[in-house]
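J.: I'm passing along coords.pdb; it holds PDB, C-alpha atoms and all ligand atoms.
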```pdb
ATOM      1  CA  MET A   1      73.214  92.136  80.704
ATOM      2  CA  THR A   2      74.765  88.981  82.082
ATOM      3  CA  HIS A   3      77.476  90.809  84.013
ATOM      4  CA  LEU A   4      77.661  91.684  87.680
ATOM      5  CA  VAL A   5      77.483  95.466  87.544
ATOM      6  CA  VAL A   6      78.673  97.816  90.290
ATOM      7  CA  HIS A   7      77.591 101.338  89.378
ATOM      8  CA  GLN A   8      78.679 104.541  91.084
ATOM      9  CA  VAL A   9      78.638 103.049  94.559
ATOM     10  CA  HIS A  10      79.339 105.236  97.581
ATOM     11  CA  LYS A  11      79.742 104.174 101.192
ATOM     12  CA  SER A  12      80.973 106.438 103.985
ATOM     13  CA  PHE A  13      81.625 105.769 107.652
ATOM     14  CA  GLY A  14      81.296 109.099 109.406
ATOM     15  CA  GLY A  15      83.681 111.341 107.536
ATOM     16  CA  VAL A  16      85.578 108.475 105.867
ATOM     17  CA  LYS A  17      84.655 107.811 102.247
ATOM     18  CA  ALA A  18      85.397 104.099 102.293
ATOM     19  CA  VAL A  19      83.946 103.567  98.797
ATOM     20  CA  ASP A  20      83.748 106.620  96.575
ATOM     21  CA  GLU A  21      82.019 106.518  93.186
ATOM     22  CA  VAL A  22      83.129 102.986  92.345
ATOM     23  CA  THR A  23      82.010 101.499  89.015
ATOM     24  CA  PHE A  24      83.063  98.203  87.432
ATOM     25  CA  VAL A  25      81.695  94.981  85.978
ATOM     26  CA  VAL A  26      82.610  91.307  86.297
ATOM     27  CA  ALA A  27      81.855  89.000  83.354
ATOM     28  CA  PRO A  28      80.900  85.316  83.640
ATOM     29  CA  GLY A  29      84.013  83.167  83.983
ATOM     30  CA  GLU A  30      86.253  86.167  84.596
ATOM     31  CA  LEU A  31      88.748  86.411  87.465
ATOM     32  CA  VAL A  32      88.929  90.001  88.638
ATOM     33  CA  ALA A  33      91.343  91.069  91.374
ATOM     34  CA  LEU A  34      90.497  94.072  93.543
ATOM     35  CA  ILE A  35      93.744  95.406  94.959
ATOM     36  CA  GLY A  36      94.883  98.425  96.925
ATOM     37  CA  PRO A  37      96.680  99.387 100.125
ATOM     38  CA  ASN A  38      95.220  98.701 103.592
ATOM     39  CA  GLY A  39      92.091 100.734 104.128
ATOM     40  CA  ALA A  40      91.550 101.316 100.388
ATOM     41  CA  GLY A  41      87.935 100.141 100.623
ATOM     42  CA  LYS A  42      88.184  96.619  99.208
ATOM     43  CA  SER A  43      86.323  94.774 101.967
ATOM     44  CA  THR A  44      83.712  97.527 102.137
ATOM     45  CA  THR A  45      83.118  97.113  98.401
ATOM     46  CA  PHE A  46      82.630  93.376  98.964
ATOM     47  CA  ASN A  47      80.293  93.936 101.877
ATOM     48  CA  VAL A  48      78.163  96.330  99.860
ATOM     49  CA  ILE A  49      77.917  93.845  96.975
ATOM     50  CA  ASN A  50      76.969  90.916  99.184
ATOM     51  CA  GLY A  51      74.406  92.870 101.170
ATOM     52  CA  GLN A  52      76.229  93.049 104.519
ATOM     53  CA  LEU A  53      76.258  96.851 104.187
ATOM     54  CA  PRO A  54      73.763  99.080 102.375
ATOM     55  CA  PRO A  55      75.396 101.527  99.933
ATOM     56  CA  ASP A  56      74.757 105.229 100.592
ATOM     57  CA  SER A  57      74.064 105.546  96.875
ATOM     58  CA  GLY A  58      74.718 103.753  93.629
ATOM     59  CA  ASP A  59      73.533 100.414  92.333
ATOM     60  CA  ILE A  60      74.573  96.782  92.115
ATOM     61  CA  ARG A  61      72.865  94.885  89.320
ATOM     62  CA  LEU A  62      72.674  91.285  88.307
ATOM     63  CA  GLU A  63      70.915  90.336  85.101
ATOM     64  CA  GLY A  64      69.018  93.592  84.999
ATOM     65  CA  ARG A  65      67.895  93.359  88.639
ATOM     66  CA  SER A  66      69.108  95.605  91.435
ATOM     67  CA  LEU A  67      70.509  93.864  94.512
ATOM     68  CA  VAL A  68      70.325  97.014  96.629
ATOM     69  CA  GLY A  69      68.016  96.470  99.567
ATOM     70  CA  CYS A  70      68.215  92.674  99.340
ATOM     71  CA  THR A  71      69.385  90.741 102.400
ATOM     72  CA  PRO A  72      72.694  88.813 102.270
ATOM     73  CA  GLN A  73      70.626  85.621 102.151
ATOM     74  CA  GLN A  74      68.616  86.836  99.145
ATOM     75  CA  ILE A  75      71.803  87.884  97.375
ATOM     76  CA  TRP A  76      73.330  84.475  98.096
ATOM     77  CA  ARG A  77      70.230  82.848  96.628
ATOM     78  CA  SER A  78      70.563  85.054  93.535
ATOM     79  CA  GLY A  79      73.835  83.288  92.789
ATOM     80  CA  VAL A  80      76.439  85.413  94.560
ATOM     81  CA  GLY A  81      78.555  83.163  96.794
ATOM     82  CA  ARG A  82      81.370  84.224  99.041
ATOM     83  CA  THR A  83      84.268  82.974 101.070
ATOM     84  CA  PHE A  84      85.468  84.699 104.188
ATOM     85  CA  GLN A  85      88.871  85.989 105.177
ATOM     86  CA  THR A  86      88.820  83.931 108.358
ATOM     87  CA  ALA A  87      87.711  80.337 108.241
ATOM     88  CA  ALA A  88      83.950  79.975 108.553
ATOM     89  CA  VAL A  89      83.464  76.233 108.879
ATOM     90  CA  PHE A  90      82.109  74.293 111.839
ATOM     91  CA  GLY A  91      85.200  72.742 113.401
ATOM     92  CA  SER A  92      83.408  69.984 115.259
ATOM     93  CA  MET A  93      81.744  68.625 112.112
ATOM     94  CA  SER A  94      83.369  66.586 109.397
ATOM     95  CA  VAL A  95      84.139  68.046 105.986
ATOM     96  CA  LEU A  96      81.213  66.074 104.569
ATOM     97  CA  GLU A  97      78.772  67.281 107.238
ATOM     98  CA  ASN A  98      79.820  70.880 106.671
ATOM     99  CA  VAL A  99      79.040  70.598 102.978
ATOM    100  CA  GLN A 100      75.802  68.734 103.670
ATOM    101  CA  THR A 101      74.693  71.491 106.048
ATOM    102  CA  VAL A 102      75.117  74.094 103.323
ATOM    103  CA  LEU A 103      73.231  71.898 100.855
ATOM    104  CA  MET A 104      70.350  71.646 103.343
ATOM    105  CA  SER A 105      70.347  75.382 103.765
ATOM    106  CA  ARG A 106      70.407  75.903 100.011
ATOM    107  CA  ASP A 107      67.467  73.517  99.658
ATOM    108  CA  ARG A 108      65.656  75.287 102.512
ATOM    109  CA  ARG A 109      65.713  72.105 104.561
ATOM    110  CA  PHE A 110      67.510  73.650 107.503
ATOM    111  CA  PHE A 111      64.612  73.444 109.870
ATOM    112  CA  ASP A 112      63.334  70.103 108.722
ATOM    113  CA  LEU A 113      63.700  67.937 111.803
ATOM    114  CA  TRP A 114      63.097  64.754 109.855
ATOM    115  CA  SER A 115      66.092  65.088 107.616
ATOM    116  CA  LYS A 116      69.385  64.426 109.285
ATOM    117  CA  VAL A 117      72.530  66.051 108.030
ATOM    118  CA  THR A 118      74.429  62.777 107.843
ATOM    119  CA  GLY A 119      72.139  61.272 105.219
ATOM    120  CA  TYR A 120      71.579  64.387 103.184
ATOM    121  CA  LYS A 121      72.683  64.386  99.533
ATOM    122  CA  ARG A 122      75.883  62.519 100.203
ATOM    123  CA  VAL A 123      76.700  61.954  96.561
ATOM    124  CA  GLU A 124      76.423  65.633  95.688
ATOM    125  CA  ALA A 125      78.360  66.619  98.801
ATOM    126  CA  LEU A 126      81.141  64.139  98.074
ATOM    127  CA  ALA A 127      81.381  65.388  94.488
ATOM    128  CA  LEU A 128      81.862  68.942  95.764
ATOM    129  CA  ILE A 129      84.534  67.743  98.175
ATOM    130  CA  GLU A 130      86.294  65.899  95.391
ATOM    131  CA  GLN A 131      86.235  69.039  93.239
ATOM    132  CA  VAL A 132      88.341  70.872  95.790
ATOM    133  CA  GLY A 133      90.758  67.959  96.129
ATOM    134  CA  LEU A 134      89.713  66.757  99.596
ATOM    135  CA  ALA A 135      88.114  63.385  98.782
ATOM    136  CA  GLU A 136      90.367  61.533 101.185
ATOM    137  CA  MET A 137      89.522  63.865 104.038
ATOM    138  CA  ALA A 138      85.739  63.890 103.659
ATOM    139  CA  HIS A 139      85.179  62.163 106.984
ATOM    140  CA  GLN A 140      87.736  64.068 109.007
ATOM    141  CA  SER A 141      86.661  66.645 111.517
ATOM    142  CA  CYS A 142      87.418  70.128 110.218
ATOM    143  CA  GLN A 143      89.299  71.110 113.336
ATOM    144  CA  ALA A 144      91.876  68.416 112.531
ATOM    145  CA  LEU A 145      92.591  69.847 109.080
ATOM    146  CA  ALA A 146      95.576  71.937 108.071
ATOM    147  CA  TYR A 147      94.753  75.589 107.463
ATOM    148  CA  ALA A 148      95.124  75.305 103.685
ATOM    149  CA  ASP A 149      92.630  72.446 103.648
ATOM    150  CA  VAL A 150      90.142  74.466 105.700
ATOM    151  CA  LYS A 151      90.313  77.098 102.961
ATOM    152  CA  ARG A 152      89.494  74.358 100.458
ATOM    153  CA  VAL A 153      86.486  73.344 102.559
ATOM    154  CA  GLU A 154      85.370  76.963 102.435
ATOM    155  CA  LEU A 155      85.599  76.899  98.686
ATOM    156  CA  ALA A 156      83.499  73.718  98.606
ATOM    157  CA  LEU A 157      80.920  75.423 100.852
ATOM    158  CA  ALA A 158      80.811  78.412  98.533
ATOM    159  CA  LEU A 159      80.401  76.132  95.505
ATOM    160  CA  ALA A 160      77.599  74.163  97.178
ATOM    161  CA  SER A 161      75.086  76.866  96.286
ATOM    162  CA  ALA A 162      76.155  76.616  92.594
ATOM    163  CA  PRO A 163      77.060  80.308  92.486
ATOM    164  CA  ARG A 164      77.481  82.155  89.215
ATOM    165  CA  TRP A 165      79.526  84.785  91.054
ATOM    166  CA  LEU A 166      82.015  84.311  93.808
ATOM    167  CA  LEU A 167      83.382  87.007  96.107
ATOM    168  CA  MET A 168      86.611  85.975  97.794
ATOM    169  CA  ASP A 169      88.096  88.363 100.359
ATOM    170  CA  GLU A 170      91.777  87.428 100.691
ATOM    171  CA  PRO A 171      91.261  83.735  99.938
ATOM    172  CA  THR A 172      94.938  82.904 100.450
ATOM    173  CA  ALA A 173      95.590  85.001 103.578
ATOM    174  CA  GLY A 174      97.888  83.149 105.951
ATOM    175  CA  MET A 175      98.867  80.471 103.442
ATOM    176  CA  ALA A 176     102.355  79.428 102.363
ATOM    177  CA  PRO A 177     103.299  80.366  98.762
ATOM    178  CA  ALA A 178     102.900  76.847  97.334
ATOM    179  CA  GLU A 179      99.478  76.423  98.979
ATOM    180  CA  ARG A 180      98.442  79.821  97.675
ATOM    181  CA  GLN A 181      99.319  78.854  94.141
ATOM    182  CA  ALA A 182      97.464  75.549  94.497
ATOM    183  CA  LEU A 183      94.285  77.192  95.791
ATOM    184  CA  MET A 184      94.323  79.828  93.059
ATOM    185  CA  THR A 185      95.043  77.254  90.356
ATOM    186  CA  LEU A 186      91.973  75.370  91.577
ATOM    187  CA  THR A 187      89.843  78.534  91.736
ATOM    188  CA  HIS A 188      90.999  79.531  88.259
ATOM    189  CA  ALA A 189      90.127  76.105  86.819
ATOM    190  CA  LEU A 190      86.678  76.061  88.479
ATOM    191  CA  ALA A 191      85.882  79.598  87.343
ATOM    192  CA  LYS A 192      86.740  78.806  83.747
ATOM    193  CA  ARG A 193      85.057  75.404  83.690
ATOM    194  CA  GLN A 194      81.849  76.508  85.414
ATOM    195  CA  ARG A 195      81.815  80.069  84.055
ATOM    196  CA  ILE A 196      81.821  81.566  87.547
ATOM    197  CA  GLY A 197      82.755  85.254  87.675
ATOM    198  CA  VAL A 198      85.203  85.663  90.567
ATOM    199  CA  LEU A 199      86.003  88.932  92.333
ATOM    200  CA  PHE A 200      88.854  88.532  94.799
ATOM    201  CA  THR A 201      91.015  90.722  96.993
ATOM    202  CA  GLU A 202      94.573  89.783  97.565
ATOM    203  CA  HIS A 203      97.738  91.305  98.955
ATOM    204  CA  SER A 204     100.115  88.868  97.299
ATOM    205  CA  MET A 205     101.151  90.282  93.942
ATOM    206  CA  ASP A 206     102.302  86.947  92.556
ATOM    207  CA  VAL A 207      98.752  85.665  92.988
ATOM    208  CA  VAL A 208      97.179  88.823  91.538
ATOM    209  CA  PHE A 209      99.370  89.033  88.483
ATOM    210  CA  GLY A 210      99.506  85.286  88.026
ATOM    211  CA  TYR A 211      95.779  84.586  88.017
ATOM    212  CA  ALA A 212      93.657  87.670  87.387
ATOM    213  CA  ASP A 213      92.185  88.329  83.947
ATOM    214  CA  ARG A 214      91.634  91.906  84.998
ATOM    215  CA  ILE A 215      92.760  94.034  87.929
ATOM    216  CA  LEU A 216      90.932  96.873  89.683
ATOM    217  CA  VAL A 217      93.077  99.195  91.771
ATOM    218  CA  MET A 218      91.557 101.108  94.698
ATOM    219  CA  ALA A 219      93.140 103.809  96.826
ATOM    220  CA  GLN A 220      91.320 105.827  99.485
ATOM    221  CA  GLY A 221      87.928 104.621  98.351
ATOM    222  CA  ARG A 222      88.374 105.415  94.681
ATOM    223  CA  LEU A 223      89.023 103.138  91.758
ATOM    224  CA  ILE A 224      92.173 104.659  90.331
ATOM    225  CA  ALA A 225      92.772 102.162  87.525
ATOM    226  CA  GLN A 226      91.444  99.028  85.905
ATOM    227  CA  GLY A 227      92.854  96.874  83.155
ATOM    228  CA  THR A 228      94.692  93.714  82.246
ATOM    229  CA  PRO A 229      97.711  92.732  84.338
ATOM    230  CA  ALA A 230      99.972  94.131  81.616
ATOM    231  CA  GLU A 231      98.087  97.437  81.575
ATOM    232  CA  ILE A 232      98.162  97.745  85.349
ATOM    233  CA  GLN A 233     101.828  96.853  85.469
ATOM    234  CA  SER A 234     102.684  99.753  83.188
ATOM    235  CA  ASN A 235     100.236 102.264  84.714
ATOM    236  CA  GLU A 236     102.298 105.027  86.274
ATOM    237  CA  GLN A 237      99.683 106.205  88.735
ATOM    238  CA  VAL A 238      99.371 102.668  90.049
ATOM    239  CA  GLN A 239     103.128 102.401  90.282
ATOM    240  CA  ALA A 240     103.289 105.558  92.345
ATOM    241  CA  VAL A 241     100.368 104.837  94.661
ATOM    242  CA  TYR A 242     100.785 101.158  95.139
ATOM    243  CA  PHE A 243     103.851  99.320  94.014
ATOM    244  CA  GLY A 244     106.678 101.740  94.679
ATOM    245  CA  ARG A 245     109.609 100.332  92.807
ATOM    246  CA  GLN A 246     108.561  96.683  92.936
ATOM    247  CA  ARG A 247     107.437  95.608  89.495
ATOM    248  CA  PRO A 248     105.280  92.475  89.535
ATOM    249  CA  VAL A 249     105.812  89.774  86.935
ATOM    250  CA  VAL A 250     102.760  89.235  84.754
ATOM    251  CA  GLY A 251     100.935  86.077  83.901
ATOM    252  CA  THR A 252     103.040  82.994  84.498
ATOM    253  CA  ALA A 253     101.197  81.200  87.287
ATOM    254  CA  ALA A 254      97.790  80.980  85.619
ATOM    255  CA  LEU A 255      99.388  79.637  82.457
ATOM    256  CA  LYS A 256     101.103  76.949  84.462
ATOM    257  CA  GLY A 257      97.888  76.156  86.295
ATOM    258  CA  ALA A 258      95.499  76.246  83.330
ATOM    259  CA  PRO A 259      93.549  72.990  82.951
TER     260      PRO A 259
HETATM  261  N1  LIG B 301      82.488  99.316 110.013
HETATM  262  C1  LIG B 301      83.303 100.378 109.843
HETATM  263  N2  LIG B 301      83.153 101.500 110.581
HETATM  264  C2  LIG B 301      83.934 102.570 110.403
HETATM  265  N3  LIG B 301      84.915 102.643 109.487
HETATM  266  C3  LIG B 301      85.109 101.563 108.709
HETATM  267  C4  LIG B 301      84.326 100.370 108.836
HETATM  268  N4  LIG B 301      84.744  99.459 107.919
HETATM  269  C5  LIG B 301      85.756 100.045 107.261
HETATM  270  N5  LIG B 301      85.971 101.299 107.711
HETATM  271  C6  LIG B 301      86.969 102.240 107.191
HETATM  272  O1  LIG B 301      86.753 102.321 105.784
HETATM  273  C7  LIG B 301      87.994 102.353 105.097
HETATM  274  C8  LIG B 301      88.078 101.177 104.146
HETATM  275  O2  LIG B 301      88.205  99.978 104.880
HETATM  276  P1  LIG B 301      88.203  98.513 104.216
HETATM  277  O3  LIG B 301      88.162  97.535 105.325
HETATM  278  O4  LIG B 301      87.131  98.445 103.208
HETATM  279  O5  LIG B 301      89.631  98.503 103.512
HETATM  280  P2  LIG B 301      90.405  97.291 102.814
HETATM  281  O6  LIG B 301      90.840  97.802 101.490
HETATM  282  O7  LIG B 301      89.616  96.059 102.859
HETATM  283  O8  LIG B 301      91.703  97.154 103.739
HETATM  284  P3  LIG B 301      92.597  95.845 104.133
HETATM  285  O9  LIG B 301      93.520  95.648 102.985
HETATM  286  O10 LIG B 301      93.312  96.274 105.362
HETATM  287  O11 LIG B 301      91.662  94.676 104.348
HETATM  288  C9  LIG B 301      89.078 102.388 106.173
HETATM  289  O12 LIG B 301      89.408 103.742 106.422
HETATM  290  C10 LIG B 301      88.392 101.760 107.355
HETATM  291  O13 LIG B 301      88.953 102.234 108.561
HETATM  292 MG    MG B 302      89.888  94.138 103.719
END
```
Before anything else, please render the file you have as structure tokens.

T.:
Amino acid sequence: MTHLVVHQVHKSFGGVKAVDEVTFVVAPGELVALIGPNGAGKSTTFNVINGQLPPDSGDIRLEGRSLVGCTPQQIWRSGVGRTFQTAAVFGSMSVLENVQTVLMSRDRRFFDLWSKVTGYKRVEALALIEQVGLAEMAHQSCQALAYADVKRVELALALASAPRWLLMDEPTAGMAPAERQALMTLTHALAKRQRIGVLFTEHSMDVVFGYADRILVMAQGRLIAQGTPAEIQSNEQVQAVYFGRQRPVVGTAALKGAP
């Protein structure tokens, strides 16, 4: 099976069932949004998949192999990349050096004192930077970048390990609407072109309904619905638990942004 499979995963914190019997799959090249109110269990689901937290029970499988018990580093090396909700780049380094550092780590050259970051795989690093639209800023220090550009650097860092899966926890948090759309248009294009399966959490419904191929809805640890944007939009339980009276508009942004 080529899918990322999450099967009957449970994770409790004391008496709180943060993730309760959650099962879903992500296909190659698919953009799947994991949505739900605050405290629904979205980040915990991510952290269980990427190895930050061990599940109490259940399984996470990739190409027939269980990831349970693997370290975050091993899971990363298996092709599961991630971006973080808060920026995780080294501010004092340039965009290029940040990407080069991840390439060194990927190539297990991190502790090689003879290879200097500045000379390391520049062409590959610059290509990654160009992919996220930052070619002109490659030599700028990251701390001088606008917030939206830092999020693009993060995406380049995640892509540096050539992931087949990408976990993005609130990739557009703190961004203005136009920047949000631009980042998701880019993510959508990369996922389709490189067949990367993307699982992302997001509070902005225009992003979710504009870009996701499929939506998973969590509430109080449980997956209460999954389906296409149109199916989720018309699901009454989801309406009641999550949207109230606000009906999201399905599908326009991704169409506009399609390559
Ligand atoms: N390390 C932890 N220790 C104890 N309880 C935790 C821990 N992490 C999460 N929880 C609890 O688990 C539940 C799910 O939290 P989680 O962070 O996964 O929700 P979320 O859907 O990501 O929410 P948000 O939209 O606010 O990011 C919440 O009740 C939360 O308080
Ligand atoms: Mg969260």

J.: Counting all atoms listed in the file, what are the residues, protein, DNA or RNA alike, that approach ligand LIG 301 (chain B) to within 12 Å? I want them as JSON, numbers by chain.

T.: {"A": [10, 11, 12, 13, 14, 15, 16, 17, 18, 19, 20, 34, 35, 36, 37, 38, 39, 40, 41, 42, 43, 44, 45, 46, 47, 48, 52, 53, 54, 84, 85, 86, 168, 169, 170, 171, 173, 200, 201, 202, 203, 204, 216, 217, 218, 219, 220, 221, 222, 223]}

J.: Produce a file of the selected residues containing C-alpha atoms, as a PDB file, in the frame of the given file.

T.:
```
ATOM      1  CA  HIS A  10      79.339 105.236  97.581  1.00  0.00           C
ATOM      2  CA  LYS A  11      79.742 104.174 101.192  1.00  0.00           C
ATOM      3  CA  SER A  12      80.973 106.438 103.985  1.00  0.00           C
ATOM      4  CA  PHE A  13      81.625 105.769 107.652  1.00  0.00           C
ATOM      5  CA  GLY A  14      81.296 109.099 109.406  1.00  0.00           C
ATOM      6  CA  GLY A  15      83.681 111.341 107.536  1.00  0.00           C
ATOM      7  CA  VAL A  16      85.578 108.475 105.867  1.00  0.00           C
ATOM      8  CA  LYS A  17      84.655 107.811 102.247  1.00  0.00           C
ATOM      9  CA  ALA A  18      85.397 104.099 102.293  1.00  0.00           C
ATOM     10  CA  VAL A  19      83.946 103.567  98.797  1.00  0.00           C
ATOM     11  CA  ASP A  20      83.748 106.620  96.575  1.00  0.00           C
ATOM     12  CA  LEU A  34      90.497  94.072  93.543  1.00  0.00           C
ATOM     13  CA  ILE A  35      93.744  95.406  94.959  1.00  0.00           C
ATOM     14  CA  GLY A  36      94.883  98.425  96.925  1.00  0.00           C
ATOM     15  CA  PRO A  37      96.680  99.387 100.125  1.00  0.00           C
ATOM     16  CA  ASN A  38      95.220  98.701 103.592  1.00  0.00           C
ATOM     17  CA  GLY A  39      92.091 100.734 104.128  1.00  0.00           C
ATOM     18  CA  ALA A  40      91.550 101.316 100.388  1.00  0.00           C
ATOM     19  CA  GLY A  41      87.935 100.141 100.623  1.00  0.00           C
ATOM     20  CA  LYS A  42      88.184  96.619  99.208  1.00  0.00           C
ATOM     21  CA  SER A  43      86.323  94.774 101.967  1.00  0.00           C
ATOM     22  CA  THR A  44      83.712  97.527 102.137  1.00  0.00           C
ATOM     23  CA  THR A  45      83.118  97.113  98.401  1.00  0.00           C
ATOM     24  CA  PHE A  46      82.630  93.376  98.964  1.00  0.00           C
ATOM     25  CA  ASN A  47      80.293  93.936 101.877  1.00  0.00           C
ATOM     26  CA  VAL A  48      78.163  96.330  99.860  1.00  0.00           C
ATOM     27  CA  GLN A  52      76.229  93.049 104.519  1.00  0.00           C
ATOM     28  CA  LEU A  53      76.258  96.851 104.187  1.00  0.00           C
ATOM     29  CA  PRO A  54      73.763  99.080 102.375  1.00  0.00           C
ATOM     30  CA  PHE A  84      85.468  84.699 104.188  1.00  0.00           C
ATOM     31  CA  GLN A  85      88.871  85.989 105.177  1.00  0.00           C
ATOM     32  CA  THR A  86      88.820  83.931 108.358  1.00  0.00           C
ATOM     33  CA  MET A 168      86.611  85.975  97.794  1.00  0.00           C
ATOM     34  CA  ASP A 169      88.096  88.363 100.359  1.00  0.00           C
ATOM     35  CA  GLU A 170      91.777  87.428 100.691  1.00  0.00           C
ATOM     36  CA  PRO A 171      91.261  83.735  99.938  1.00  0.00           C
ATOM     37  CA  ALA A 173      95.590  85.001 103.578  1.00  0.00           C
ATOM     38  CA  PHE A 200      88.854  88.532  94.799  1.00  0.00           C
ATOM     39  CA  THR A 201      91.015  90.722  96.993  1.00  0.00           C
ATOM     40  CA  GLU A 202      94.573  89.783  97.565  1.00  0.00           C
ATOM     41  CA  HIS A 203      97.738  91.305  98.955  1.00  0.00           C
ATOM     42  CA  SER A 204     100.115  88.868  97.299  1.00  0.00           C
ATOM     43  CA  LEU A 216      90.932  96.873  89.683  1.00  0.00           C
ATOM     44  CA  VAL A 217      93.077  99.195  91.771  1.00  0.00           C
ATOM     45  CA  MET A 218      91.557 101.108  94.698  1.00  0.00           C
ATOM     46  CA  ALA A 219      93.140 103.809  96.826  1.00  0.00           C
ATOM     47  CA  GLN A 220      91.320 105.827  99.485  1.00  0.00           C
ATOM     48  CA  GLY A 221      87.928 104.621  98.351  1.00  0.00           C
ATOM     49  CA  ARG A 222      88.374 105.415  94.681  1.00  0.00           C
ATOM     50  CA  LEU A 223      89.023 103.138  91.758  1.00  0.00           C
TER      51      LEU A 223
END
```

J.: Could you state the separation of CA of Ala146 in chain A and CA of Trp165 in chain A in Å, given to one decimal place?

T.: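 For CA of Ala146 in chain A relative to CA of Trp165 in chain A, the distance reads 26.7 Å.
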
J.: Residues near Ile75 in chain A, anyone? I mean within 8 Å using only C-alpha atoms, not counting same-chain ones fewer than 5 positions away, as a PyMOL selection string.

T.: chain A and resi 50-51+67+70+80

J.: Would you kindly identify which residues have an atom no farther than 6 Å from (80.6, 75.3, 103.5), using all atoms listed in the file and the file's own coordinates, and write them out as a PyMOL selection string?

T.: chain A and resi 98-99+102+154+156-158

J.: Write out as a list in words each polymer residue whose atoms come within 9 Å of Val5 in chain A, counting only C-alpha atoms; drop sequence neighbours fewer than 2 positions from it.

T.: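 Final neighbour list, sorted by chain and number: Met1, Thr2, His3, His7, Thr23, Phe24, Val25, Val26, Ala27, Asp59, Ile60, Arg61, Leu62 and Glu63 of chain A.
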
J.: Between A:Ile49, A:Ile232, A:Leu166, A:Val6, which is the closest to Gly197 in chain A once you count all atoms listed in the file?

T.: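 Among the listed residues, the smallest separation from Gly197 in chain A belongs to A:Leu166.
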
J.: Please enumerate the residues selected by the PyMOL selection byres (((chain A and resi 147) around 12) and not hetatm) when evaluated against the supplied file, formatted as a list in words.

T.: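 This file gives the following for the PyMOL selection byres (((chain A and resi 147) around 12) and not hetatm): Thr86, Ala87, Ala88, Val89, Gly91, Cys142, Gln143, Ala144, Leu145, Ala146, Ala148, Asp149, Val150, Lys151, Arg152, Val153, Glu154, Pro171, Thr172, Ala173, Gly174, Met175, Ala176, Glu179, Arg180 and Leu183 of chain A.
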
J.: With C-alpha atoms retained, write the just-selected residues as a PDB file, in the coordinates of the input.

T.:
```pdb
ATOM      1  CA  THR A  86      88.820  83.931 108.358  1.00  0.00           C
ATOM      2  CA  ALA A  87      87.711  80.337 108.241  1.00  0.00           C
ATOM      3  CA  ALA A  88      83.950  79.975 108.553  1.00  0.00           C
ATOM      4  CA  VAL A  89      83.464  76.233 108.879  1.00  0.00           C
ATOM      5  CA  GLY A  91      85.200  72.742 113.401  1.00  0.00           C
ATOM      6  CA  CYS A 142      87.418  70.128 110.218  1.00  0.00           C
ATOM      7  CA  GLN A 143      89.299  71.110 113.336  1.00  0.00           C
ATOM      8  CA  ALA A 144      91.876  68.416 112.531  1.00  0.00           C
ATOM      9  CA  LEU A 145      92.591  69.847 109.080  1.00  0.00           C
ATOM     10  CA  ALA A 146      95.576  71.937 108.071  1.00  0.00           C
ATOM     11  CA  ALA A 148      95.124  75.305 103.685  1.00  0.00           C
ATOM     12  CA  ASP A 149      92.630  72.446 103.648  1.00  0.00           C
ATOM     13  CA  VAL A 150      90.142  74.466 105.700  1.00  0.00           C
ATOM     14  CA  LYS A 151      90.313  77.098 102.961  1.00  0.00           C
ATOM     15  CA  ARG A 152      89.494  74.358 100.458  1.00  0.00           C
ATOM     16  CA  VAL A 153      86.486  73.344 102.559  1.00  0.00           C
ATOM     17  CA  GLU A 154      85.370  76.963 102.435  1.00  0.00           C
ATOM     18  CA  PRO A 171      91.261  83.735  99.938  1.00  0.00           C
ATOM     19  CA  THR A 172      94.938  82.904 100.450  1.00  0.00           C
ATOM     20  CA  ALA A 173      95.590  85.001 103.578  1.00  0.00           C
ATOM     21  CA  GLY A 174      97.888  83.149 105.951  1.00  0.00           C
ATOM     22  CA  MET A 175      98.867  80.471 103.442  1.00  0.00           C
ATOM     23  CA  ALA A 176     102.355  79.428 102.363  1.00  0.00           C
ATOM     24  CA  GLU A 179      99.478  76.423  98.979  1.00  0.00           C
ATOM     25  CA  ARG A 180      98.442  79.821  97.675  1.00  0.00           C
ATOM     26  CA  LEU A 183      94.285  77.192  95.791  1.00  0.00           C
TER      27      LEU A 183
END
```

J.: Provide range 50-56 of chain A rebuilt to N, CA and C atoms, formatted as a PDB file, keeping the file's coordinate frame.

T.:
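Saved result, part-v2.pdb, follows:
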```pdb
ATOM      1  N   ASN A  50      77.655  92.114  98.676  1.00  0.00           N
ATOM      2  CA  ASN A  50      76.969  90.916  99.184  1.00  0.00           C
ATOM      3  C   ASN A  50      75.865  91.222 100.196  1.00  0.00           C
ATOM      4  N   GLY A  51      75.568  92.509 100.374  1.00  0.00           N
ATOM      5  CA  GLY A  51      74.406  92.870 101.170  1.00  0.00           C
ATOM      6  C   GLY A  51      74.662  93.018 102.658  1.00  0.00           C
ATOM      7  N   GLN A  52      75.926  92.862 103.092  1.00  0.00           N
ATOM      8  CA  GLN A  52      76.229  93.049 104.519  1.00  0.00           C
ATOM      9  C   GLN A  52      76.073  94.522 104.907  1.00  0.00           C
ATOM     10  N   LEU A  53      76.356  95.407 103.944  1.00  0.00           N
ATOM     11  CA  LEU A  53      76.258  96.851 104.187  1.00  0.00           C
ATOM     12  C   LEU A  53      75.415  97.476 103.083  1.00  0.00           C
ATOM     13  N   PRO A  54      74.490  98.382 103.449  1.00  0.00           N
ATOM     14  CA  PRO A  54      73.763  99.080 102.375  1.00  0.00           C
ATOM     15  C   PRO A  54      74.640 100.192 101.795  1.00  0.00           C
ATOM     16  N   PRO A  55      74.653 100.383 100.473  1.00  0.00           N
ATOM     17  CA  PRO A  55      75.396 101.527  99.933  1.00  0.00           C
ATOM     18  C   PRO A  55      74.663 102.823 100.275  1.00  0.00           C
ATOM     19  N   ASP A  56      75.418 103.931 100.401  1.00  0.00           N
ATOM     20  CA  ASP A  56      74.757 105.229 100.592  1.00  0.00           C
ATOM     21  C   ASP A  56      74.051 105.623  99.302  1.00  0.00           C
TER      22      ASP A  56
END
```
